[in-house]
$ cat start_11.cif   # mmCIF, C-alpha atoms
data_model
#
loop_
_atom_site.label_atom_id
_atom_site.label_comp_id
_atom_site.auth_asym_id
_atom_site.auth_seq_id
_atom_site.Cartn_x
_atom_site.Cartn_y
_atom_site.Cartn_z
CA MET K 6 0.00 0.00 0.00
CA VAL K 7 2.73 2.42 1.05
CA LYS K 8 4.87 1.15 -1.84
CA LYS K 9 1.97 1.74 -4.24
CA LEU K 10 1.57 5.27 -2.93
CA ILE K 11 5.29 5.97 -3.37
CA TYR K 12 5.14 4.60 -6.91
CA TYR K 13 2.11 6.74 -7.66
CA THR K 14 3.74 9.85 -6.23
CA ALA K 15 6.96 9.18 -8.10
CA CYS K 16 5.01 8.89 -11.33
CA GLN K 17 2.91 11.96 -10.80
CA PHE K 18 5.84 14.20 -10.01
CA HIS K 19 8.32 12.66 -12.45
CA LEU K 20 10.74 11.94 -9.63
CA GLY K 21 12.84 9.78 -11.89
CA PHE K 22 12.60 6.51 -10.00
CA ASN K 23 12.97 3.34 -11.93
CA TYR K 24 9.39 2.14 -11.71
CA ASN K 25 7.15 0.76 -14.38
CA CYS K 26 5.23 3.98 -14.57
CA MET K 27 8.32 5.62 -16.10
CA LYS K 28 7.86 3.51 -19.18
CA ASN K 29 4.51 5.14 -19.79
CA ASN K 30 5.40 8.67 -18.79
CA ILE K 31 5.21 11.05 -21.69
CA LYS K 32 8.11 13.35 -20.97
CA PRO K 33 11.36 14.41 -22.60
CA ILE K 34 14.51 12.47 -21.78
CA ASN K 35 17.82 14.32 -21.85
CA PHE K 36 20.62 12.04 -22.99
CA LEU K 37 23.51 13.79 -21.22
CA LYS K 38 21.60 14.00 -17.93
CA LYS K 39 20.90 10.27 -18.11
CA PHE K 40 24.59 9.57 -18.82
CA GLU K 41 25.45 11.30 -15.52
CA LYS K 42 23.63 8.50 -13.69
CA PHE K 43 26.19 5.74 -14.35
CA SER K 44 29.84 5.23 -15.12
CA GLU K 45 30.36 1.55 -16.08
CA HIS K 46 31.47 0.71 -19.59
CA TRP K 47 29.65 -1.69 -21.91
CA SER K 48 26.62 -1.92 -19.63
CA PRO K 49 23.47 -0.79 -21.47
CA LYS K 50 20.94 1.27 -19.48
CA VAL K 51 17.39 1.44 -20.76
CA ILE K 52 15.90 4.95 -20.93
CA SER K 53 12.76 4.43 -22.99
CA GLU K 54 10.60 1.97 -24.89
CA LEU K 55 8.92 2.13 -28.29
CA ASN K 56 6.46 -0.74 -28.74
CA ASP K 57 8.67 -3.78 -28.08
CA TYR K 58 11.91 -1.93 -28.77
CA GLN K 59 14.19 -0.21 -26.27
CA PHE K 60 16.49 2.79 -26.27
CA LYS K 61 19.65 2.01 -24.30
CA LEU K 62 22.49 4.35 -23.34
CA VAL K 63 25.97 2.86 -23.12
CA LYS K 64 29.34 4.30 -22.13
CA VAL K 65 32.01 2.49 -24.11
CA LYS K 66 35.80 2.44 -23.82
CA GLY K 67 38.35 -0.12 -24.96
CA ASP K 68 37.56 -3.36 -26.74
CA PHE K 69 34.28 -5.22 -26.90
CA ILE K 70 34.11 -8.81 -28.17
CA TRP K 71 33.22 -10.29 -31.53
CA HIS K 72 29.56 -11.32 -31.59
CA ASN K 73 26.39 -11.22 -33.66
CA HIS K 74 22.68 -10.97 -33.06
CA GLU K 75 21.00 -13.83 -34.88
CA ASN K 76 17.48 -12.46 -34.85
CA THR K 77 17.74 -8.70 -35.07
CA ASP K 78 19.40 -5.67 -36.60
CA GLU K 79 21.02 -3.29 -34.10
CA ALA K 80 21.23 0.51 -34.39
CA PHE K 81 24.06 2.57 -32.84
CA ILE K 82 23.85 6.35 -32.49
CA VAL K 83 26.92 8.20 -31.24
CA ILE K 84 25.97 10.95 -28.76
CA GLU K 85 29.50 11.99 -27.69
CA GLY K 86 32.95 10.95 -28.93
CA LYS K 87 33.61 8.33 -31.56
CA ILE K 88 33.45 4.57 -31.79
CA PHE K 89 34.71 2.00 -34.25
CA ILE K 90 32.95 -1.16 -35.36
CA GLU K 91 35.11 -3.87 -36.85
CA PHE K 92 33.47 -6.16 -39.40
CA GLU K 93 35.04 -9.11 -41.16
CA ALA K 94 35.96 -7.08 -44.23
CA LYS K 95 36.31 -3.52 -42.89
CA THR K 96 36.21 -1.23 -39.89
CA GLU K 97 33.82 1.72 -39.72
CA GLU K 98 34.37 4.87 -37.64
CA ILE K 99 31.17 6.42 -36.26
CA ASN K 100 31.36 9.93 -34.88
CA LYS K 101 29.10 12.12 -32.76
CA GLY K 102 25.97 12.92 -34.77
CA GLU K 103 26.16 9.72 -36.76
CA MET K 104 24.43 6.34 -36.69
CA ILE K 105 24.98 2.90 -38.15
CA VAL K 106 22.79 -0.18 -38.37
CA VAL K 107 24.41 -3.59 -38.05
CA PRO K 108 22.20 -6.11 -39.88
CA LYS K 109 21.14 -9.28 -38.07
CA GLY K 110 23.61 -12.12 -38.15
CA VAL K 111 26.57 -9.91 -39.08
CA ALA K 112 29.63 -10.46 -36.88
CA HIS K 113 30.93 -7.22 -35.41
CA ARG K 114 33.27 -5.94 -32.73
CA PRO K 115 32.75 -2.43 -31.35
CA TYR K 116 35.62 -0.57 -29.71
CA ALA K 117 36.48 2.95 -28.61
CA LYS K 118 39.93 4.42 -28.08
CA ASN K 119 38.57 7.02 -25.67
CA GLU K 120 35.32 6.91 -23.72
CA ALA K 121 32.33 7.51 -25.96
CA LYS K 122 28.63 7.84 -25.21
CA ILE K 123 26.28 5.95 -27.47
CA MET K 124 22.63 4.95 -27.77
CA ILE K 125 21.60 1.51 -28.97
CA ILE K 126 18.14 0.79 -30.35
CA GLU K 127 17.02 -2.82 -30.60
CA PRO K 128 14.19 -5.11 -29.51
CA SER K 129 13.68 -5.51 -25.76
CA GLY K 130 15.57 -8.44 -24.29
CA VAL K 131 18.54 -8.39 -26.67
CA VAL K 132 21.75 -9.37 -24.86
CA ASN K 133 24.73 -7.07 -25.50
CA THR K 134 27.13 -9.89 -26.34
CA GLY K 135 24.64 -11.61 -28.66
CA ASN K 136 25.58 -15.23 -29.33
CA ILE K 137 28.48 -15.18 -26.85
CA THR K 138 28.50 -15.38 -23.05
CA ASP K 139 31.41 -13.42 -21.65
CA LYS K 140 32.46 -11.37 -18.65
CA LEU K 141 31.17 -8.40 -20.68
CA THR K 142 27.67 -9.89 -20.90
CA ALA K 143 25.44 -7.36 -19.12
CA PRO K 144 21.93 -7.59 -17.65
CA THR K 145 19.07 -6.68 -19.98
CA ASP K 146 16.24 -4.35 -18.98
CA ASP K 147 18.42 -2.29 -16.58
CA TRP K 148 16.52 1.03 -16.43
CA ILE K 149 17.89 4.36 -15.30
CA MET M 11 21.26 -4.37 -67.74
CA VAL M 12 22.81 -0.87 -67.78
CA LYS M 13 20.49 0.09 -64.94
CA LYS M 14 21.63 -2.94 -62.97
CA LEU M 15 25.26 -1.99 -63.54
CA ILE M 16 24.63 1.58 -62.38
CA TYR M 17 22.85 0.26 -59.27
CA TYR M 18 25.72 -2.10 -58.58
CA THR M 19 28.33 0.63 -59.02
CA ALA M 20 26.35 3.03 -56.83
CA CYS M 21 26.26 0.41 -54.09
CA GLN M 22 29.89 -0.53 -54.30
CA PHE M 23 31.13 3.03 -54.12
CA HIS M 24 28.50 4.36 -51.69
CA LEU M 25 27.42 7.01 -54.18
CA GLY M 26 24.42 7.80 -52.08
CA PHE M 27 21.71 7.03 -54.62
CA ASN M 28 18.35 5.99 -53.37
CA TYR M 29 18.48 2.34 -54.38
CA ASN M 30 17.53 -0.70 -52.42
CA CYS M 31 21.15 -1.59 -51.87
CA MET M 32 21.46 1.44 -49.59
CA LYS M 33 19.19 -0.24 -47.10
CA ASN M 34 21.71 -3.02 -46.67
CA ASN M 35 24.88 -0.97 -46.77
CA ILE M 36 26.71 -1.06 -43.47
CA LYS M 37 28.05 2.45 -43.24
CA PRO M 38 27.75 5.45 -40.94
CA ILE M 39 25.05 8.02 -41.65
CA ASN M 40 25.73 11.63 -40.70
CA PHE M 41 22.53 13.36 -39.64
CA LEU M 42 23.53 16.94 -40.55
CA LYS M 43 24.83 15.91 -43.98
CA LYS M 44 21.54 14.14 -44.67
CA PHE M 45 19.60 17.25 -43.57
CA GLU M 46 21.45 19.24 -46.27
CA LYS M 47 19.69 17.13 -48.89
CA PHE M 48 16.21 18.59 -48.44
CA SER M 49 14.44 21.71 -47.25
CA GLU M 50 10.69 20.96 -47.02
CA HIS M 51 9.02 21.02 -43.64
CA TRP M 52 6.99 18.15 -42.17
CA SER M 53 8.08 15.73 -44.88
CA PRO M 54 9.87 12.70 -43.35
CA LYS M 55 12.89 11.36 -45.23
CA VAL M 56 13.99 7.79 -44.50
CA ILE M 57 17.71 7.37 -43.82
CA SER M 58 17.91 3.85 -42.42
CA GLU M 59 16.01 0.74 -41.44
CA LEU M 60 16.15 -1.50 -38.37
CA ASN M 61 14.20 -4.71 -38.92
CA ASP M 62 10.75 -3.38 -39.88
CA TYR M 63 11.35 0.05 -38.31
CA GLN M 64 12.62 3.18 -40.02
CA PHE M 65 14.70 6.20 -39.02
CA LYS M 66 13.27 9.34 -40.61
CA LEU M 67 14.70 12.86 -40.62
CA VAL M 68 12.24 15.75 -40.62
CA LYS M 69 12.67 19.52 -40.76
CA VAL M 70 9.83 21.08 -38.82
CA LYS M 71 8.61 24.66 -38.54
CA GLY M 72 5.24 26.10 -37.58
CA ASP M 73 2.18 24.08 -36.67
CA PHE M 74 1.45 20.45 -37.40
CA ILE M 75 -2.04 18.99 -36.95
CA TRP M 76 -3.66 17.03 -34.14
CA HIS M 77 -3.47 13.32 -34.86
CA ASN M 78 -2.69 9.95 -33.32
CA HIS M 79 -1.20 6.66 -34.42
CA GLU M 80 -3.63 3.92 -33.52
CA ASN M 81 -1.20 1.02 -33.80
CA THR M 82 2.19 2.27 -32.74
CA ASP M 83 4.26 4.36 -30.39
CA GLU M 84 6.37 7.07 -32.05
CA ALA M 85 9.82 8.28 -30.94
CA PHE M 86 11.07 11.82 -31.57
CA ILE M 87 14.74 12.77 -31.15
CA VAL M 88 15.69 16.44 -31.51
CA ILE M 89 18.94 16.84 -33.47
CA GLU M 90 18.95 20.66 -33.75
CA GLY M 91 16.71 23.34 -32.24
CA LYS M 92 13.63 22.67 -30.16
CA ILE M 93 10.12 21.40 -30.74
CA PHE M 94 6.95 21.34 -28.72
CA ILE M 95 4.38 18.57 -28.57
CA GLU M 96 0.94 19.51 -27.38
CA PHE M 97 -1.08 16.79 -25.64
CA GLU M 98 -4.61 17.04 -24.32
CA ALA M 99 -3.46 17.85 -20.78
CA LYS M 100 -0.05 19.46 -21.28
CA THR M 101 2.58 20.65 -23.72
CA GLU M 102 6.14 19.28 -23.63
CA GLU M 103 9.23 21.11 -24.88
CA ILE M 104 11.90 18.86 -26.39
CA ASN M 105 15.35 20.32 -26.96
CA LYS M 106 18.43 19.28 -28.88
CA GLY M 107 19.87 16.14 -27.26
CA GLU M 108 16.50 15.00 -25.96
CA MET M 109 13.90 12.44 -27.01
CA ILE M 110 10.29 11.68 -26.24
CA VAL M 111 8.07 8.70 -27.00
CA VAL M 112 4.40 9.31 -27.78
CA PRO M 113 2.46 6.15 -26.88
CA LYS M 114 0.12 4.65 -29.45
CA GLY M 115 -3.33 6.15 -29.61
CA VAL M 116 -2.37 9.34 -27.78
CA ALA M 117 -3.50 12.51 -29.56
CA HIS M 118 -0.65 14.96 -30.09
CA ARG M 119 0.19 18.07 -32.07
CA PRO M 120 3.88 18.86 -32.76
CA TYR M 121 4.96 22.41 -33.50
CA ALA M 122 8.15 24.44 -33.70
CA LYS M 123 8.50 28.20 -33.36
CA ASN M 124 11.75 28.17 -35.37
CA GLU M 125 12.96 25.51 -37.75
CA ALA M 126 14.14 22.41 -35.93
CA LYS M 127 15.73 19.21 -37.15
CA ILE M 128 14.36 16.00 -35.71
CA MET M 129 14.53 12.24 -36.20
CA ILE M 130 11.46 10.05 -35.91
CA ILE M 131 11.67 6.31 -35.25
CA GLU M 132 8.61 4.19 -35.94
CA PRO M 133 7.53 1.12 -37.91
CA SER M 134 7.90 1.32 -41.70
CA GLY M 135 4.76 2.55 -43.43
CA VAL M 136 3.51 4.85 -40.68
CA VAL M 137 1.86 7.98 -42.14
CA ASN M 138 2.97 11.28 -40.60
CA THR M 139 -0.58 12.55 -40.01
CA GLY M 140 -1.75 9.23 -38.51
CA ASN M 141 -5.52 8.94 -38.48
CA ILE M 142 -6.03 12.21 -40.41
CA THR M 143 -5.63 12.96 -44.11
CA ASP M 144 -4.51 16.54 -44.63
CA LYS M 145 -2.45 18.72 -46.93
CA LEU M 146 0.43 17.95 -44.53
CA THR M 147 0.11 14.20 -45.18
CA ALA M 148 3.46 13.20 -46.70
CA PRO M 149 4.58 10.16 -48.69
CA THR M 150 5.98 7.25 -46.70
CA ASP M 151 9.21 5.48 -47.62
CA ASP M 152 10.79 8.59 -49.16
CA TRP M 153 14.53 7.80 -48.91
CA ILE M 154 17.39 10.26 -49.08
#
$ encode --input "start_11.cif" --output "structure tokens"
Amino acid sequence: MVKKLIYYTACQFHLGFNYNCMKNNIKPINFLKKFEKFSEHWSPKVISELNDYQFKLVKVKGDFIWHNHENTDEAFIVIEGKIFIEFEAKTEEINKGEMIVVPKGVAHRPYAKNEAKIMIIEPSGVVNTGNITDKLTAPTDDWI
Amino acid sequence: MVKKLIYYTACQFHLGFNYNCMKNNIKPINFLKKFEKFSEHWSPKVISELNDYQFKLVKVKGDFIWHNHENTDEAFIVIEGKIFIEFEAKTEEINKGEMIVVPKGVAHRPYAKNEAKIMIIEPSGVVNTGNITDKLTAPTDDWI
């Protein structure tokens, strides 16, 4: 009862708690303010949902692992800095103000020489390391 | 035959023509460079696809119309400038570096006092004026 009231209050006043109501709140989300809420690398934080898709912010630095997503394309938007994505035949550099879509099933390895801030858009439930389980495998559905 | 060759060449050298091959090209897309390619307001231009979703750039200025999308949520990301979205009970201001998701079925009216550059993410085939047909109704699947 008390919990319900706290949830309700949090929703009404947009207090920014990570409750389900946030998913249905119609309010602007500021990317840089959300990035202030965490510091880990390669650990996607969900900020919004669109049907059964999610918008996830990620701080990236150093090397990620080779992987692919068998059942879905994956969109990367660079908010700050620059990242690289290595494919089998080439490496692409993606800068602030740019996006790239990695088609489903395509092996790729993201990396960043310096810390970069990116947004990933993909279906809910997609695991960051795709077909691989690794120490870099992060929880899904981790809202901020 | 010649057409096929031109298509093939355009794809291989990323000449930026609006052919199907573009949809499958894995290369970065620069938002501001894409915005240089058109000037109309309220006329979404597709720049990329993610499964059966599309990323659409739109230049907006002045008033749009009240409408809703019965079957889908709709995400707005502001790339330059600021927009407003009027809802029945409130109006939200969305600035550069911010996003908002309008849930399906929710009536809304976007407007911008000065020209703003935005990106919309929604399923392929969604009509910009939703449940309304108007002089502002724009073609879908208009790639740049």
$ residues_around --input "start_11.cif" --residues "range 79-88 of chain M" --least-positions-apart "4" --cutoff "7 Å" --atoms "all atoms listed in the file" --output "tab-separated table (two decimals) with C-alpha atoms, in the frame of the given file"
chain	number	residue	atom	x	y	z
K	55	LEU	CA	8.92	2.13	-28.29
K	56	ASN	CA	6.46	-0.74	-28.74
M	92	LYS	CA	13.63	22.67	-30.16
M	104	ILE	CA	11.90	18.86	-26.39
M	105	ASN	CA	15.35	20.32	-26.96
M	106	LYS	CA	18.43	19.28	-28.88
M	107	GLY	CA	19.87	16.14	-27.26
M	108	GLU	CA	16.50	15.00	-25.96
M	109	MET	CA	13.90	12.44	-27.01
M	110	ILE	CA	10.29	11.68	-26.24
M	111	VAL	CA	8.07	8.70	-27.00
M	112	VAL	CA	4.40	9.31	-27.78
M	113	PRO	CA	2.46	6.15	-26.88
M	114	LYS	CA	0.12	4.65	-29.45
M	115	GLY	CA	-3.33	6.15	-29.61
M	127	LYS	CA	15.73	19.21	-37.15
M	128	ILE	CA	14.36	16.00	-35.71
M	129	MET	CA	14.53	12.24	-36.20
M	130	ILE	CA	11.46	10.05	-35.91
M	131	ILE	CA	11.67	6.31	-35.25
M	132	GLU	CA	8.61	4.19	-35.94
M	140	GLY	CA	-1.75	9.23	-38.51
M	141	ASN	CA	-5.52	8.94	-38.48
$ resolve_selection --input "start_11.cif" --expression "the PyMOL selection byres ((chain M and resi 134) around 12)" --output "ChimeraX atom specification"
/M:54-66,82,84,130-133,135-138,149-153
$ write_last_selection --input "start_11.cif" --atoms "C-alpha atoms" --output "compact mmCIF listing (two decimals), in the coordinates of the input"
# COMPACT_ATOMS: atom_id res chain seq x y z
CA PRO M 54 9.87 12.70 -43.35
CA LYS M 55 12.89 11.36 -45.23
CA VAL M 56 13.99 7.79 -44.50
CA ILE M 57 17.71 7.37 -43.82
CA SER M 58 17.91 3.85 -42.42
CA GLU M 59 16.01 0.74 -41.44
CA LEU M 60 16.15 -1.50 -38.37
CA ASN M 61 14.20 -4.71 -38.92
CA ASP M 62 10.75 -3.38 -39.88
CA TYR M 63 11.35 0.05 -38.31
CA GLN M 64 12.62 3.18 -40.02
CA PHE M 65 14.70 6.20 -39.02
CA LYS M 66 13.27 9.34 -40.61
CA THR M 82 2.19 2.27 -32.74
CA GLU M 84 6.37 7.07 -32.05
CA ILE M 130 11.46 10.05 -35.91
CA ILE M 131 11.67 6.31 -35.25
CA GLU M 132 8.61 4.19 -35.94
CA PRO M 133 7.53 1.12 -37.91
CA GLY M 135 4.76 2.55 -43.43
CA VAL M 136 3.51 4.85 -40.68
CA VAL M 137 1.86 7.98 -42.14
CA ASN M 138 2.97 11.28 -40.60
CA PRO M 149 4.58 10.16 -48.69
CA THR M 150 5.98 7.25 -46.70
CA ASP M 151 9.21 5.48 -47.62
CA ASP M 152 10.79 8.59 -49.16
CA TRP M 153 14.53 7.80 -48.91
$ closest_residue --input "start_11.cif" --among "M:Phe45, M:His77, M:Asp144, M:His118" --to "Phe97 in chain M" --atoms "all atoms listed in the file"
M:His118
$ atom_distance --input "start_11.cif" --atom1 "CA of Val68 in chain M" --atom2 "CA of Lys39 in chain K"
24.7 Å
$ closest_residue --input "start_11.cif" --among "K:Leu37, K:Ile149, K:Ala117, K:Ala94" --to "chain M" --atoms "all atoms listed in the file"
K:Leu37
$ residues_near_point --input "start_11.cif" --point "(35.3, -3.1, -37.0)" --cutoff "10 Å" --atoms "all atoms listed in the file" --output "PDB file with C-alpha atoms, in the coordinates of the input"
ATOM      1  CA  TRP K  71      33.220 -10.290 -31.530  1.00  0.00           C
ATOM      2  CA  ILE K  88      33.450   4.570 -31.790  1.00  0.00           C
ATOM      3  CA  PHE K  89      34.710   2.000 -34.250  1.00  0.00           C
ATOM      4  CA  ILE K  90      32.950  -1.160 -35.360  1.00  0.00           C
ATOM      5  CA  GLU K  91      35.110  -3.870 -36.850  1.00  0.00           C
ATOM      6  CA  PHE K  92      33.470  -6.160 -39.400  1.00  0.00           C
ATOM      7  CA  GLU K  93      35.040  -9.110 -41.160  1.00  0.00           C
ATOM      8  CA  ALA K  94      35.960  -7.080 -44.230  1.00  0.00           C
ATOM      9  CA  LYS K  95      36.310  -3.520 -42.890  1.00  0.00           C
ATOM     10  CA  THR K  96      36.210  -1.230 -39.890  1.00  0.00           C
ATOM     11  CA  GLU K  97      33.820   1.720 -39.720  1.00  0.00           C
ATOM     12  CA  GLU K  98      34.370   4.870 -37.640  1.00  0.00           C
ATOM     13  CA  ALA K 112      29.630 -10.460 -36.880  1.00  0.00           C
ATOM     14  CA  HIS K 113      30.930  -7.220 -35.410  1.00  0.00           C
ATOM     15  CA  ARG K 114      33.270  -5.940 -32.730  1.00  0.00           C
ATOM     16  CA  PRO K 115      32.750  -2.430 -31.350  1.00  0.00           C
ATOM     17  CA  TYR K 116      35.620  -0.570 -29.710  1.00  0.00           C
TER      18      TYR K 116
END
$ closest_residue --input "start_11.cif" --among "K:Lys140, K:Ala121, K:Val111, K:Phe69" --to "chain M" --atoms "only C-alpha atoms"
K:Val111
$ residues_around --input "start_11.cif" --residues "Val65 in chain K" --least-positions-apart "4" --cutoff "6 Å" --atoms "all atoms listed in the file" --output "JSON, numbers by chain"
{"K": [46, 47, 120, 121]}
$ atom_distance --input "start_11.cif" --atom1 "CA of Ile70 in chain K" --atom2 "CA of Phe41 in chain M"
27.5 Å
$ atom_distance --input "start_11.cif" --atom1 "CA of Lys38 in chain K" --atom2 "CA of Lys71 in chain M"
26.6 Å
$ closest_residue --input "start_11.cif" --among "K:Phe43, K:Lys64, K:Ile84, K:Asn73" --to "chain M" --atoms "only C-alpha atoms"
K:Ile84
$ closest_residue --input "start_11.cif" --among "M:Asp73, M:Lys37, M:Lys123, M:Leu146" --to "chain K" --atoms "only C-alpha atoms"
M:Lys37
$ build_atoms --input "start_11.cif" --residues "range 73-103 of chain K" --atoms "N, CA and C atoms" --output "mmCIF file, in the coordinates of the input"
data_model
loop_
_atom_site.group_PDB
_atom_site.id
_atom_site.type_symbol
_atom_site.label_atom_id
_atom_site.label_comp_id
_atom_site.auth_asym_id
_atom_site.auth_seq_id
_atom_site.Cartn_x
_atom_site.Cartn_y
_atom_site.Cartn_z
ATOM 1 N N ASN K 73 27.459 -11.623 -32.734
ATOM 2 C CA ASN K 73 26.390 -11.220 -33.660
ATOM 3 C C ASN K 73 25.050 -11.431 -32.989
ATOM 4 N N HIS K 74 24.041 -10.795 -33.557
ATOM 5 C CA HIS K 74 22.680 -10.970 -33.060
ATOM 6 C C HIS K 74 21.885 -11.692 -34.138
ATOM 7 N N GLU K 75 21.587 -12.953 -33.858
ATOM 8 C CA GLU K 75 21.000 -13.830 -34.880
ATOM 9 C C GLU K 75 19.653 -13.362 -35.388
ATOM 10 N N ASN K 76 18.884 -12.719 -34.486
ATOM 11 C CA ASN K 76 17.480 -12.460 -34.850
ATOM 12 C C ASN K 76 17.137 -10.999 -35.051
ATOM 13 N N THR K 77 18.107 -10.112 -34.962
ATOM 14 C CA THR K 77 17.740 -8.700 -35.070
ATOM 15 C C THR K 77 18.887 -7.822 -35.584
ATOM 16 N N ASP K 78 18.492 -6.772 -36.319
ATOM 17 C CA ASP K 78 19.400 -5.670 -36.600
ATOM 18 C C ASP K 78 19.648 -4.904 -35.296
ATOM 19 N N GLU K 79 20.676 -4.060 -35.308
ATOM 20 C CA GLU K 79 21.020 -3.290 -34.100
ATOM 21 C C GLU K 79 21.478 -1.890 -34.553
ATOM 22 N N ALA K 80 20.851 -0.856 -34.002
ATOM 23 C CA ALA K 80 21.230 0.510 -34.390
ATOM 24 C C ALA K 80 22.100 1.146 -33.312
ATOM 25 N N PHE K 81 23.170 1.812 -33.732
ATOM 26 C CA PHE K 81 24.060 2.570 -32.840
ATOM 27 C C PHE K 81 23.997 4.044 -33.232
ATOM 28 N N ILE K 82 23.768 4.904 -32.260
ATOM 29 C CA ILE K 82 23.850 6.350 -32.490
ATOM 30 C C ILE K 82 24.924 6.897 -31.554
ATOM 31 N N VAL K 83 25.872 7.650 -32.096
ATOM 32 C CA VAL K 83 26.920 8.200 -31.240
ATOM 33 C C VAL K 83 26.494 9.583 -30.729
ATOM 34 N N ILE K 84 26.412 9.699 -29.402
ATOM 35 C CA ILE K 84 25.970 10.950 -28.760
ATOM 36 C C ILE K 84 27.177 11.846 -28.451
ATOM 37 N N GLU K 85 28.264 11.243 -27.989
ATOM 38 C CA GLU K 85 29.500 11.990 -27.690
ATOM 39 C C GLU K 85 30.697 11.114 -28.039
ATOM 40 N N GLY K 86 31.725 11.705 -28.626
ATOM 41 C CA GLY K 86 32.950 10.950 -28.930
ATOM 42 C C GLY K 86 32.848 10.197 -30.243
ATOM 43 N N LYS K 87 33.653 9.161 -30.350
ATOM 44 C CA LYS K 87 33.610 8.330 -31.560
ATOM 45 C C LYS K 87 33.844 6.864 -31.202
ATOM 46 N N ILE K 88 33.223 6.008 -31.962
ATOM 47 C CA ILE K 88 33.450 4.570 -31.790
ATOM 48 C C ILE K 88 33.885 3.972 -33.131
ATOM 49 N N PHE K 89 34.383 2.758 -33.053
ATOM 50 C CA PHE K 89 34.710 2.000 -34.250
ATOM 51 C C PHE K 89 33.939 0.678 -34.168
ATOM 52 N N ILE K 90 33.519 0.192 -35.314
ATOM 53 C CA ILE K 90 32.950 -1.160 -35.360
ATOM 54 C C ILE K 90 33.709 -1.939 -36.419
ATOM 55 N N GLU K 91 34.350 -3.008 -35.947
ATOM 56 C CA GLU K 91 35.110 -3.870 -36.850
ATOM 57 C C GLU K 91 34.173 -4.944 -37.404
ATOM 58 N N PHE K 92 34.189 -5.077 -38.730
ATOM 59 C CA PHE K 92 33.470 -6.160 -39.400
ATOM 60 C C PHE K 92 34.513 -7.096 -40.003
ATOM 61 N N GLU K 93 34.057 -8.176 -40.606
ATOM 62 C CA GLU K 93 35.040 -9.110 -41.160
ATOM 63 C C GLU K 93 35.884 -8.458 -42.248
ATOM 64 N N ALA K 94 35.238 -7.604 -43.061
ATOM 65 C CA ALA K 94 35.960 -7.080 -44.230
ATOM 66 C C ALA K 94 36.410 -5.625 -44.086
ATOM 67 N N LYS K 95 35.989 -4.953 -43.025
ATOM 68 C CA LYS K 95 36.310 -3.520 -42.890
ATOM 69 C C LYS K 95 36.052 -3.058 -41.474
ATOM 70 N N THR K 96 36.527 -1.860 -41.172
ATOM 71 C CA THR K 96 36.210 -1.230 -39.890
ATOM 72 C C THR K 96 35.572 0.123 -40.187
ATOM 73 N N GLU K 97 34.467 0.426 -39.517
ATOM 74 C CA GLU K 97 33.820 1.720 -39.720
ATOM 75 C C GLU K 97 34.020 2.598 -38.483
ATOM 76 N N GLU K 98 34.257 3.885 -38.717
ATOM 77 C CA GLU K 98 34.370 4.870 -37.640
ATOM 78 C C GLU K 98 33.043 5.619 -37.576
ATOM 79 N N ILE K 99 32.449 5.717 -36.401
ATOM 80 C CA ILE K 99 31.170 6.420 -36.260
ATOM 81 C C ILE K 99 31.356 7.527 -35.241
ATOM 82 N N ASN K 100 31.117 8.741 -35.695
ATOM 83 C CA ASN K 100 31.360 9.930 -34.880
ATOM 84 C C ASN K 100 30.066 10.476 -34.286
ATOM 85 N N LYS K 101 30.235 11.382 -33.335
ATOM 86 C CA LYS K 101 29.100 12.120 -32.760
ATOM 87 C C LYS K 101 28.201 12.644 -33.885
ATOM 88 N N GLY K 102 26.896 12.446 -33.731
ATOM 89 C CA GLY K 102 25.970 12.920 -34.770
ATOM 90 C C GLY K 102 25.823 11.957 -35.922
ATOM 91 N N GLU K 103 26.293 10.733 -35.714
ATOM 92 C CA GLU K 103 26.160 9.720 -36.760
ATOM 93 C C GLU K 103 25.540 8.440 -36.189
#
